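> Below is the file input30.cif, with mmCIF, C-alpha atoms and all ligand atoms.
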```cif
data_entry
#
loop_
_atom_site.label_atom_id
_atom_site.label_comp_id
_atom_site.auth_asym_id
_atom_site.auth_seq_id
_atom_site.Cartn_x
_atom_site.Cartn_y
_atom_site.Cartn_z
CA MET A 1 102.97 96.80 156.89
CA ASP A 2 99.37 97.94 156.86
CA ARG A 3 98.73 99.52 160.26
CA ARG A 4 95.34 100.98 159.40
CA SER A 5 92.38 100.07 161.57
CA LEU A 6 90.79 96.76 160.76
CA VAL A 7 87.12 95.85 160.64
CA LEU A 8 86.28 92.17 160.57
CA ARG A 9 82.62 91.80 159.65
CA ASN A 10 80.53 88.73 160.24
CA VAL A 11 82.79 86.60 162.46
CA ARG A 12 81.73 83.97 164.99
CA LEU A 13 83.42 84.09 168.39
CA PRO A 14 84.32 81.27 170.78
CA GLY A 15 82.27 81.61 173.96
CA ARG A 16 79.46 83.33 172.08
CA PRO A 17 77.96 80.52 170.05
CA GLY A 18 74.56 82.17 169.84
CA HIS A 19 75.92 85.27 168.11
CA PRO A 20 76.75 84.56 164.52
CA GLY A 21 77.68 87.56 162.48
CA THR A 22 79.51 89.71 165.05
CA ASP A 23 81.66 92.64 163.84
CA VAL A 24 85.04 93.38 165.41
CA LEU A 25 87.04 96.60 165.27
CA VAL A 26 90.82 96.58 165.75
CA GLU A 27 92.63 99.86 166.34
CA GLY A 28 96.21 100.51 167.39
CA GLY A 29 96.86 96.76 167.54
CA LEU A 30 94.08 96.10 170.09
CA PHE A 31 90.53 94.81 169.97
CA GLU A 32 88.75 98.13 170.26
CA ARG A 33 85.16 97.00 169.93
CA ILE A 34 83.45 93.64 169.68
CA GLY A 35 79.85 93.56 168.53
CA GLY A 36 77.33 96.37 168.28
CA ALA A 37 77.87 99.30 165.93
CA VAL A 38 81.43 99.06 164.73
CA THR A 39 82.48 102.29 163.10
CA PRO A 40 86.16 103.03 162.67
CA ARG A 41 87.39 106.53 163.50
CA GLU A 42 89.77 106.48 160.55
CA PRO A 43 89.86 104.77 157.16
CA ALA A 44 90.03 101.05 157.78
CA VAL A 45 90.66 97.76 156.03
CA GLU A 46 87.34 95.92 155.95
CA ILE A 47 87.04 92.17 155.60
CA ASP A 48 83.87 90.12 155.35
CA ALA A 49 84.70 86.90 157.19
CA GLY A 50 81.58 85.16 155.93
CA GLY A 51 80.79 83.61 159.31
CA ALA A 52 84.26 82.11 159.93
CA TRP A 53 85.38 81.76 163.56
CA LEU A 54 87.74 84.37 164.95
CA VAL A 55 90.04 82.47 167.30
CA PRO A 56 92.69 83.91 169.68
CA GLY A 57 96.21 83.25 168.38
CA ALA A 58 97.92 80.32 170.07
CA VAL A 59 100.56 80.99 172.72
CA ASP A 60 103.18 78.27 172.37
CA MET A 61 105.20 77.88 175.57
CA HIS A 62 107.75 75.48 174.14
CA VAL A 63 109.57 76.02 170.83
CA HIS A 64 113.15 75.35 169.70
CA LEU A 65 114.06 77.84 166.98
CA ARG A 66 117.79 76.94 166.72
CA ASP A 67 118.91 80.54 166.22
CA PRO A 68 121.82 81.14 166.74
CA GLY A 69 123.93 78.12 165.92
CA TRP A 70 121.78 75.59 164.09
CA THR A 71 120.01 77.81 161.61
CA HIS A 72 120.16 75.13 158.92
CA LYS A 73 117.37 73.48 160.96
CA GLU A 74 115.34 76.66 161.63
CA ASP A 75 115.88 80.32 162.45
CA LEU A 76 113.82 83.04 164.08
CA GLN A 77 112.42 84.13 160.73
CA SER A 78 111.55 80.72 159.28
CA GLY A 79 110.18 79.62 162.65
CA SER A 80 107.99 82.70 162.90
CA ARG A 81 106.59 82.08 159.40
CA ALA A 82 105.75 78.53 160.39
CA ALA A 83 104.13 79.84 163.58
CA VAL A 84 101.79 82.34 161.96
CA ALA A 85 100.87 79.93 159.15
CA GLY A 86 99.80 77.57 161.94
CA GLY A 87 97.88 80.15 163.99
CA VAL A 88 100.58 80.59 166.65
CA THR A 89 101.07 84.27 167.45
CA THR A 90 103.32 84.07 170.53
CA VAL A 91 106.34 81.77 170.58
CA CYS A 92 108.52 81.01 173.62
CA ASP A 93 111.92 79.92 172.42
CA MET A 94 114.02 77.41 174.35
CA PRO A 95 117.64 78.03 175.36
CA ASN A 96 119.45 75.01 173.88
CA THR A 97 120.94 76.98 171.02
CA VAL A 98 124.63 77.58 170.23
CA PRO A 99 125.55 79.48 172.29
CA PRO A 100 122.86 78.59 174.84
CA THR A 101 120.74 81.35 176.35
CA LEU A 102 122.37 81.76 179.76
CA GLY A 103 122.46 85.47 180.46
CA LEU A 104 121.43 89.00 179.59
CA GLU A 105 123.58 89.37 176.47
CA ASP A 106 122.27 86.12 174.99
CA LEU A 107 118.70 87.15 175.77
CA ARG A 108 119.06 90.65 174.35
CA ALA A 109 120.75 89.36 171.19
CA LYS A 110 117.86 86.96 170.54
CA ALA A 111 115.26 89.64 171.30
CA ALA A 112 116.94 92.14 168.96
CA ARG A 113 117.07 89.60 166.16
CA ALA A 114 113.41 88.70 166.73
CA ARG A 115 112.41 92.38 166.49
CA GLU A 116 114.16 92.51 163.13
CA VAL A 117 112.88 89.34 161.47
CA SER A 118 110.00 87.76 163.38
CA LEU A 119 106.40 87.87 162.18
CA CYS A 120 105.07 86.89 165.60
CA GLU A 121 105.73 87.81 169.22
CA MET A 122 108.69 86.03 170.77
CA ARG A 123 109.78 85.43 174.35
CA PHE A 124 112.86 83.54 175.44
CA PHE A 125 113.62 81.02 178.17
CA LEU A 126 116.99 81.04 179.89
CA ALA A 127 118.62 77.72 180.76
CA LEU A 128 119.46 76.97 184.35
CA ALA A 129 123.04 75.72 184.12
CA GLN A 130 125.48 74.90 186.93
CA ASP A 131 126.30 78.46 187.81
CA ASN A 132 124.30 81.21 186.12
CA LEU A 133 121.98 82.39 188.91
CA ASP A 134 123.32 85.92 188.96
CA GLN A 135 122.97 86.10 185.19
CA ILE A 136 119.34 84.96 185.44
CA ALA A 137 118.73 87.57 188.14
CA ARG A 138 119.62 90.31 185.67
CA CYS A 139 117.04 89.06 183.16
CA LEU A 140 113.90 88.87 185.30
CA GLU A 141 112.62 92.32 184.34
CA GLU A 142 113.49 92.07 180.65
CA PRO A 143 110.35 92.22 178.51
CA ALA A 144 111.58 89.33 176.34
CA PHE A 145 112.21 86.99 179.30
CA ALA A 146 109.79 84.03 179.43
CA GLY A 147 111.17 82.05 182.35
CA VAL A 148 113.80 79.48 183.27
CA LYS A 149 114.14 76.10 181.56
CA VAL A 150 115.48 73.28 183.69
CA PHE A 151 116.86 70.09 182.13
CA LEU A 152 116.80 67.27 184.70
CA GLY A 153 117.97 64.88 181.95
CA ALA A 154 120.26 65.38 178.96
CA THR A 155 118.68 65.88 175.54
CA THR A 156 119.58 67.89 172.40
CA GLY A 157 122.30 70.36 173.47
CA ASP A 158 123.36 68.51 176.65
CA LEU A 159 122.34 71.26 179.05
CA LEU A 160 121.97 69.89 182.58
CA SER A 161 120.91 71.87 185.60
CA GLY A 162 122.85 71.34 188.85
CA ASP A 163 120.95 70.20 191.97
CA ARG A 164 122.19 73.00 194.23
CA ALA A 165 121.58 75.60 191.54
CA LEU A 166 118.02 74.33 191.11
CA GLU A 167 117.11 74.58 194.79
CA ARG A 168 118.59 78.04 195.06
CA ALA A 169 116.92 79.19 191.84
CA VAL A 170 113.35 78.16 192.77
CA ASP A 171 113.88 79.73 196.17
CA ARG A 172 115.19 82.99 194.76
CA PHE A 173 113.23 83.71 191.57
CA PRO A 174 109.46 84.24 191.32
CA CYS A 175 109.44 83.45 187.60
CA LEU A 176 108.04 80.49 185.68
CA PHE A 177 110.22 77.35 185.74
CA ALA A 178 109.64 74.90 182.88
CA PHE A 179 111.01 71.41 183.49
CA HIS A 180 112.27 68.82 181.05
CA ALA A 181 111.79 66.26 183.80
CA GLU A 182 113.42 63.06 182.55
CA ASP A 183 115.59 61.90 185.45
CA GLU A 184 119.18 61.50 184.30
CA THR A 185 120.01 58.56 186.62
CA VAL A 186 117.09 56.51 185.28
CA LEU A 187 118.11 57.32 181.70
CA GLN A 188 121.66 56.15 182.34
CA GLU A 189 120.47 52.92 183.99
CA ALA A 190 118.17 52.18 181.05
CA ARG A 191 121.03 52.77 178.62
CA ARG A 192 123.25 50.32 180.49
CA GLY A 193 120.56 47.64 180.26
CA ALA A 194 119.97 48.15 176.52
CA GLY A 195 120.54 45.37 173.98
CA PRO A 196 122.75 45.77 170.89
CA ASP A 197 121.67 47.71 167.79
CA PRO A 198 118.68 49.60 169.14
CA THR A 199 116.20 51.14 166.69
CA ALA A 200 113.57 53.86 166.93
CA ALA A 201 111.13 51.19 168.16
CA ASP A 202 113.30 50.81 171.30
CA HIS A 203 113.45 54.52 172.09
CA HIS A 204 110.61 54.39 174.62
CA ARG A 205 112.33 51.58 176.51
CA LEU A 206 115.63 53.45 176.56
CA ARG A 207 113.88 56.45 178.12
CA PRO A 208 111.23 54.65 180.22
CA PRO A 209 108.29 56.18 182.07
CA GLU A 210 110.19 55.77 185.37
CA ALA A 211 112.44 58.61 184.18
CA VAL A 212 109.60 61.12 183.82
CA VAL A 213 107.79 59.90 186.93
CA ARG A 214 110.88 60.30 189.07
CA GLY A 215 111.50 63.70 187.47
CA ALA A 216 107.93 64.84 188.09
CA LEU A 217 108.16 63.73 191.75
CA ARG A 218 111.36 65.67 192.11
CA VAL A 219 109.64 68.81 190.76
CA ALA A 220 106.67 68.16 193.06
CA GLY A 221 109.09 68.08 195.99
CA LEU A 222 110.29 71.57 195.08
CA TRP A 223 106.81 73.07 195.00
CA ARG A 224 105.73 75.64 197.64
CA PRO A 225 102.82 78.09 197.45
CA GLY A 226 103.71 80.87 195.04
CA ARG A 227 106.26 78.85 193.07
CA ARG A 228 105.44 78.51 189.38
CA LEU A 229 106.68 75.03 188.47
CA HIS A 230 105.61 73.66 185.11
CA LEU A 231 106.11 70.16 183.67
CA CYS A 232 106.87 70.13 179.96
CA HIS A 233 105.63 67.55 177.47
CA LEU A 234 103.84 64.93 179.61
CA SER A 235 104.13 61.56 177.90
CA SER A 236 102.77 58.93 180.30
CA ALA A 237 99.66 58.05 182.27
CA ARG A 238 101.76 57.79 185.42
CA GLU A 239 102.84 61.43 185.35
CA LEU A 240 99.16 62.32 185.47
CA GLU A 241 98.91 60.67 188.89
CA VAL A 242 101.75 62.89 190.14
CA LEU A 243 99.97 65.89 188.71
CA ARG A 244 96.67 64.99 190.37
CA ASP A 245 98.45 64.50 193.72
CA HIS A 246 100.18 67.89 193.39
CA PRO A 247 97.64 70.39 192.11
CA GLY A 248 100.08 73.30 192.49
CA LEU A 249 102.07 72.07 189.49
CA THR A 250 101.08 72.90 185.94
CA ALA A 251 101.71 70.86 182.80
CA GLU A 252 101.65 70.85 179.04
CA VAL A 253 101.23 68.11 176.44
CA THR A 254 102.38 68.06 172.82
CA PRO A 255 100.26 67.09 169.82
CA HIS A 256 102.69 64.25 169.01
CA HIS A 257 102.15 62.67 172.42
CA LEU A 258 98.39 63.03 171.88
CA TRP A 259 98.55 61.33 168.46
CA PHE A 260 101.32 58.75 168.24
CA THR A 261 102.55 55.66 170.07
CA ALA A 262 105.73 53.60 169.94
CA GLN A 263 103.95 51.36 167.43
CA ASP A 264 104.01 54.19 164.92
CA THR A 265 107.82 54.04 164.85
CA GLY A 266 107.30 51.00 162.58
CA ALA A 267 106.19 53.36 159.82
CA LEU A 268 107.84 56.61 160.92
CA GLY A 269 111.19 55.44 162.36
CA ASN A 270 113.40 58.28 163.58
CA TRP A 271 110.78 60.88 162.69
CA LEU A 272 109.24 59.83 165.98
CA LYS A 273 112.52 59.76 167.90
CA VAL A 274 111.73 62.41 170.47
CA ASN A 275 112.45 63.09 174.14
CA PRO A 276 110.44 62.16 176.08
CA PRO A 277 109.35 59.34 173.78
CA VAL A 278 105.88 58.59 172.48
CA ARG A 279 104.72 55.57 174.50
CA LEU A 280 101.76 53.18 174.59
CA ALA A 281 98.16 53.54 173.44
CA GLU A 282 96.99 53.68 177.07
CA ASP A 283 99.33 56.60 177.72
CA ARG A 284 98.03 58.47 174.70
CA GLU A 285 94.40 57.88 175.71
CA ALA A 286 95.08 59.01 179.29
CA LEU A 287 96.74 62.20 177.99
CA ARG A 288 93.76 62.91 175.74
CA ARG A 289 91.33 62.46 178.63
CA ALA A 290 93.44 64.65 180.90
CA LEU A 291 93.52 67.40 178.29
CA ALA A 292 89.73 67.28 178.04
CA ASP A 293 89.03 67.11 181.79
CA GLY A 294 91.39 69.93 182.78
CA ALA A 295 94.18 67.93 184.49
CA ILE A 296 96.58 69.12 181.77
CA ASP A 297 96.74 72.89 181.46
CA ALA A 298 98.14 73.61 178.02
CA VAL A 299 99.18 72.32 174.62
CA ALA A 300 102.70 73.25 173.54
CA THR A 301 104.48 71.98 170.46
CA ASP A 302 108.05 71.33 171.64
CA HIS A 303 108.72 72.26 167.98
CA ALA A 304 112.18 70.70 167.58
CA PRO A 305 113.17 70.86 163.93
CA HIS A 306 115.91 68.67 162.47
CA THR A 307 116.56 68.16 158.76
CA LEU A 308 115.45 65.12 156.79
CA GLU A 309 119.11 64.19 156.30
CA GLU A 310 119.74 64.25 160.05
CA LYS A 311 116.66 62.14 160.71
CA ALA A 312 117.80 59.65 158.04
CA LEU A 313 120.94 58.79 160.07
CA PRO A 314 120.97 55.43 161.89
CA TYR A 315 118.92 55.53 165.11
CA PRO A 316 121.81 56.11 167.56
CA GLN A 317 123.04 59.17 165.64
CA ALA A 318 119.68 60.62 164.56
CA PRO A 319 118.76 63.66 166.67
CA SER A 320 115.60 63.66 168.79
CA GLY A 321 112.76 66.04 168.12
CA VAL A 322 109.56 66.59 166.15
CA PRO A 323 108.47 69.83 164.44
CA GLY A 324 105.01 71.08 165.33
CA LEU A 325 104.36 74.78 164.80
CA GLU A 326 102.29 74.30 161.65
CA THR A 327 100.29 71.29 162.77
CA SER A 328 99.54 72.01 166.45
CA VAL A 329 96.49 74.27 166.13
CA PRO A 330 94.96 72.16 163.31
CA ALA A 331 95.55 69.03 165.45
CA VAL A 332 93.87 70.48 168.53
CA LEU A 333 91.01 71.83 166.42
CA ARG A 334 90.70 68.34 164.95
CA LEU A 335 89.97 67.15 168.49
CA VAL A 336 87.18 69.75 168.52
CA GLN A 337 85.79 68.36 165.28
CA GLU A 338 85.95 64.85 166.76
CA GLY A 339 84.06 65.97 169.86
CA LEU A 340 86.85 65.35 172.42
CA LEU A 341 87.22 69.07 173.18
CA THR A 342 84.84 72.00 172.96
CA LEU A 343 86.11 75.00 171.02
CA ASP A 344 86.23 76.91 174.32
CA ARG A 345 88.45 74.24 175.87
CA ALA A 346 90.70 74.30 172.77
CA VAL A 347 91.09 78.07 173.15
CA GLU A 348 91.90 77.60 176.83
CA VAL A 349 94.68 75.06 176.24
CA LEU A 350 96.14 76.74 173.17
CA SER A 351 95.94 80.34 174.20
CA ALA A 352 94.29 81.57 177.43
CA THR A 353 96.05 79.28 179.91
CA PRO A 354 99.56 79.44 178.42
CA ALA A 355 99.22 83.25 178.35
CA ARG A 356 98.27 83.20 182.03
CA LEU A 357 101.09 80.83 182.99
CA LEU A 358 103.56 83.11 181.23
CA GLY A 359 102.09 86.20 182.91
CA LEU A 360 101.03 87.68 179.55
CA ARG A 361 97.83 89.44 180.58
CA ASP A 362 97.31 91.28 177.33
CA ARG A 363 96.39 88.24 175.23
CA GLY A 364 94.72 84.84 175.19
CA ALA A 365 91.16 85.86 174.32
CA ILE A 366 89.13 87.93 171.89
CA ALA A 367 88.17 90.73 174.25
CA GLU A 368 88.10 94.52 174.15
CA GLY A 369 91.42 96.02 175.24
CA LEU A 370 93.50 92.90 174.51
CA ARG A 371 96.10 92.58 171.75
CA ALA A 372 94.56 91.67 168.42
CA ASP A 373 96.43 88.35 168.03
CA CYS A 374 94.01 86.08 166.21
CA PHE A 375 93.20 83.97 163.20
CA LEU A 376 90.17 83.17 161.10
CA TRP A 377 89.15 79.52 161.02
CA ASP A 378 86.71 77.59 158.88
CA PRO A 379 85.48 74.73 161.08
CA ASP A 380 84.33 72.52 158.21
CA GLY A 381 86.52 70.12 156.29
CA THR A 382 90.02 68.85 156.88
CA TRP A 383 93.63 69.47 155.97
CA VAL A 384 95.86 66.48 155.28
CA PRO A 385 99.42 67.81 155.60
CA GLU A 386 101.93 66.98 152.90
CA ALA A 387 105.48 68.06 152.15
CA GLY A 388 104.65 71.02 149.90
CA ASP A 389 102.40 72.58 152.56
CA LEU A 390 105.05 73.47 155.12
CA VAL A 391 107.08 76.66 155.42
CA SER A 392 109.30 75.66 158.34
CA ARG A 393 112.88 75.02 157.24
CA CYS A 394 112.25 71.49 158.38
CA ARG A 395 109.82 70.35 155.71
CA TRP A 396 108.52 67.14 157.18
CA SER A 397 105.99 66.15 159.79
CA PRO A 398 104.83 62.92 161.41
CA PHE A 399 101.33 64.22 160.68
CA PHE A 400 101.77 63.75 156.92
CA GLY A 401 98.76 61.90 155.55
CA LEU A 402 96.59 62.33 158.66
CA PRO A 403 93.41 64.42 158.57
CA LEU A 404 93.62 67.53 160.78
CA ALA A 405 91.29 70.52 160.97
CA ARG A 406 91.88 73.25 158.42
CA ARG A 407 94.67 75.74 158.88
CA PRO A 408 94.04 79.43 159.55
CA LEU A 409 92.59 81.39 156.65
CA ALA A 410 94.51 84.43 157.85
CA THR A 411 96.48 85.40 160.97
CA TRP A 412 96.98 88.79 162.66
CA VAL A 413 99.59 89.77 165.24
CA ALA A 414 98.76 92.98 167.12
CA GLY A 415 96.29 93.82 164.38
CA VAL A 416 98.80 93.37 161.55
CA LEU A 417 98.02 90.75 158.91
CA VAL A 418 101.03 88.39 158.97
CA HIS A 419 99.67 85.39 157.12
CA ALA A 420 97.06 85.03 154.39
CA SER A 421 96.21 81.61 152.96
CA SER A 422 95.73 81.29 149.22
CA GLU A 423 91.97 80.98 149.82
CA PHE A 424 91.91 84.20 151.84
CA ARG A 425 93.95 86.01 149.19
CA HIS A 426 91.60 84.74 146.54
CA ARG A 427 88.50 85.78 148.50
CA THR A 428 89.67 89.22 149.59
CA GLY A 429 92.53 90.19 147.28
CA ILE A 430 94.55 91.03 150.41
CA THR A 431 98.07 89.71 150.91
CA ALA A 432 100.34 89.59 153.95
CA PRO A 433 103.96 90.83 153.82
CA ALA A 434 105.44 87.34 153.85
CA ASP A 435 103.18 85.89 151.14
O1 LIG B 501 113.27 65.47 171.44
C1 LIG B 501 113.66 66.55 171.88
N1 LIG B 501 114.25 67.45 171.09
N2 LIG B 501 113.51 66.81 173.18
C2 LIG B 501 114.09 67.88 173.75
O2 LIG B 501 113.95 68.04 174.93
C3 LIG B 501 114.90 68.82 172.97
C4 LIG B 501 114.51 68.78 171.57
C5 LIG B 501 115.51 69.47 170.66
O3 LIG B 501 115.93 70.57 171.00
O4 LIG B 501 115.83 68.91 169.62
ZN ZN B 502 111.82 70.97 174.23
#
```
Translate this file's structure into structure tokens.

Amino acid sequence: MDRRSLVLRNVRLPGRPGHPGTDVLVEGGLFERIGGAVTPREPAVEIDAGGAWLVPGAVDMHVHLRDPGWTHKEDLQSGSRAAVAGGVTTVCDMPNTVPPTLGLEDLRAKAARAREVSLCEMRFFLALAQDNLDQIARCLEEPAFAGVKVFLGATTGDLLSGDRALERAVDRFPCLFAFHAEDETVLQEARRGAGPDPTAADHHRLRPPEAVVRGALRVAGLWRPGRRLHLCHLSSARELEVLRDHPGLTAEVTPHHLWFTAQDTGALGNWLKVNPPVRLAEDREALRRALADGAIDAVATDHAPHTLEEKALPYPQAPSGVPGLETSVPAVLRLVQEGLLTLDRAVEVLSATPARLLGLRDRGAIAEGLRADCFLWDPDGTWVPEAGDLVSRCRWSPFFGLPLARRPLATWVAGVLVHASSEFRHRTGITAPAD
């Protein structure tokens, strides 16, 4: 890996629209100097960015990398390649692997594997199970620890958190708690009332909005000043009311909930079988507005890869989940192109705010002294994803055929080039290790 200093000449920076043509110096993995006379102390790699935007790498709070146990769907290496190709430089992996991440050994094994194979930074959530509080306690100071994931309802992996354990955990640990907040009782009631032979079009009725509303209210009831309680993947307009009534909570939304509705299952079938489900057009519009106006804090992918064969099973057997690492940043930047978000707001929801929620103070912006996690972006034109474009082991996306913003030209993690698009390679002659 090329660890020489890096000079990026002629970049545009979010937050500094009036300053085209800034130069940036990266040394020792950090942004050393931004603007002014940029002169490296040692021999450096120099790149003329030609006025492209230099954007902070995305911090994805919610990713399922399937390693160990289900590596035919994804593993830490393939997932990290997908991440950096999509402009994601920090990935927080979820604990519903086989075995699940429940304690220090599981966490250290994942972290060691990530150090060996990952192209991006990785942090790991532990699951709150029935009885692993003492195990969680031993992980709080581990550098690779992201927080605790709580499943109020069963989904892929069938991890459920016990009520008593939950109350004791939020009382005891100062860490971030991320909630999959579909209420299990509501889910079971909806299943009992279901008709015969359900299809993907029925998924949103089998996991109705009442489930996430009741779950969100339950989380709201646990909140006290100082507690860091975060709602994952909002899917409905009604959860937004809970969020507005309880400003101490934080929340994320996925690109698939911002783009699709239950109607799209007509064309996409099980590809859109996901928990919580995509719902109605009014839900999608409310989520988009809330992302723009600040009610929703962050975008996270909930990257949940399954193979095409698995998704081709009949609806009841097909697993739930949508991949997203390669399409999330281009989708959010598409919302910038469409005028729903400013570029500054996109950077906030993709990078600055998730970094803050995770307590990662060394990233989330292009600023002197921070880690040089970033990508170059050409704001003009579109990318229409198709099968051959993807590097995730799961080579499909519900975004196939839809215009998104262009993907990163090149991506750096701590100043190391980890992804170079064919256009970047062509322009500069520089390749990244994984290309
Ligand atoms: O649809 C989902 N898939 N929702 C989840 O909560 C888990 C995820 C997975 O791991 O497949
Ligand atoms: Zn998830």
> Within 8 Å of Arg395 of chain A, counting only C-alpha atoms, which residues show up once you throw out same-chain ones fewer than 6 positions away? Write them as JSON, numbers by chain, please.
{"A": [307, 308, 387, 388]}
> Would you pick out the contacts of Ala312 of chain A at 9 Å or less, using all atoms listed in the file, so that residues sharing its chain but fewer than 3 positions from it are not included, and give the list as a list of chain:residue names?
A:Gly269, A:Asn270, A:Trp271, A:Thr307, A:Leu308, A:Glu309, A:Tyr315, A:Ala318
> Any idea what the distance is between atom CA of Thr199 of chain A and atom CA of Leu160 of chain A?
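Going from atom CA of Thr199 of chain A over to atom CA of Leu160 of chain A, I get 25.2 Å.
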> Each residue of segment 366-409 of chain A with at least one atom at most 12 Å from segment 121-140 of chain A should appear once, together with its nearest atom pair and the corresponding distance in Å (one decimal); atoms considered: all atoms listed in the file; ordering: chain, then increasing residue number; output as a Markdown table.

```
| residue | atom | partner | partner_atom | distance |
| --- | --- | --- | --- | --- |
| A:Arg371 | CA | A:Glu121 | CA | 11.0 |
| A:Ala372 | CA | A:Glu121 | CA | 11.8 |
| A:Asp373 | CA | A:Glu121 | CA | 9.4 |
```
> Would you pick out the contacts of His64 of chain A at 6 Å or less, using all atoms listed in the file, so that residues sharing its chain but fewer than 6 positions from it are not included, and give the list as a list in words?
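Surrounding residues, per the criterion: Asp93, Met94, His303 and Ala304 of chain A.
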> Counting only C-alpha atoms and all ligand atoms, what are the residues of chain A within 9 Å of ligand ZN 502 (chain B), and for each of them which pair of atoms is the nearest and at what distance in Å, to one decimal? Sort the table by chain and rising number, as a tab-separated table.

```
residue	atom	partner	partner_atom	distance
A:His62	CA	B:ZN502	ZN	6.1
A:Val63	CA	B:ZN502	ZN	6.5
A:His64	CA	B:ZN502	ZN	6.4
A:Met94	CA	B:ZN502	ZN	6.8
A:Asn96	CA	B:ZN502	ZN	8.6
A:Thr155	CA	B:ZN502	ZN	8.6
A:Thr156	CA	B:ZN502	ZN	8.5
A:His180	CA	B:ZN502	ZN	7.2
A:Cys232	CA	B:ZN502	ZN	7.6
A:His233	CA	B:ZN502	ZN	7.8
A:Asn275	CA	B:ZN502	ZN	7.9
A:Thr301	CA	B:ZN502	ZN	8.3
A:Asp302	CA	B:ZN502	ZN	4.6
A:His303	CA	B:ZN502	ZN	7.1
A:Ala304	CA	B:ZN502	ZN	6.7
A:Gly321	CA	B:ZN502	ZN	7.9
```
> I'd like the neighbourhood of segment 20-35 of chain A as a list in words, where a residue qualifies if any of its atoms comes within 7 Å (using all atoms listed in the file), though same-chain residues fewer than 6 positions away should be ignored.
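So the residues in contact are Ser5, Leu6, Val7, Leu8, Arg9, Asn10, Val11, Arg12, Gly51, Ala367, Glu368, Gly369, Leu370, Arg371, Ala372, Ala414 and Gly415 of chain A.
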> Determine, counting only C-alpha atoms, which protein, DNA and RNA residues have an atom within 12 Å of an atom of Pro225 of chain A; residues of the same chain fewer than 4 positions away are not included. Present the result as a PyMOL selection string.
chain A and resi 170-171+174+220-221+229+246-249
> Write a file of the just-selected residues containing C-alpha atoms, as a PDB file, in the coordinates of the input.

```pdb
ATOM      1  CA  VAL A 170     113.350  78.160 192.770  1.00  0.00           C
ATOM      2  CA  ASP A 171     113.880  79.730 196.170  1.00  0.00           C
ATOM      3  CA  PRO A 174     109.460  84.240 191.320  1.00  0.00           C
ATOM      4  CA  ALA A 220     106.670  68.160 193.060  1.00  0.00           C
ATOM      5  CA  GLY A 221     109.090  68.080 195.990  1.00  0.00           C
ATOM      6  CA  LEU A 229     106.680  75.030 188.470  1.00  0.00           C
ATOM      7  CA  HIS A 246     100.180  67.890 193.390  1.00  0.00           C
ATOM      8  CA  PRO A 247      97.640  70.390 192.110  1.00  0.00           C
ATOM      9  CA  GLY A 248     100.080  73.300 192.490  1.00  0.00           C
ATOM     10  CA  LEU A 249     102.070  72.070 189.490  1.00  0.00           C
TER      11      LEU A 249
END
```
> To one decimal in Å, tell me the separation between atom CA of Glu326 of chain A and atom CA of Val391 of chain A.
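Computing the Euclidean distance for atom CA of Glu326 of chain A and atom CA of Val391 of chain A yields 8.2 Å.
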> Mind listing as a PyMOL selection string all residues within 10 Å of (92.2, 80.4, 177.2), counting all atoms listed in the file?
chain A and resi 56+58-59+297-298+344-356+363-366
> Rank nothing, just name the residue among A:Gly429, A:Gly324, A:Pro14, A:Pro305 nearest to ligand LIG 501 (chain B), using all atoms listed in the file.
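Looking only at the distances to ligand LIG 501 (chain B), the closest residue turns out to be A:Pro305.
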> Of the candidates A:Gly103, A:Ala290, A:Ser392, A:Gly153, which shows the shortest atom-to-atom distance to Thr71 of chain A, using all atoms listed in the file?
A:Ser392
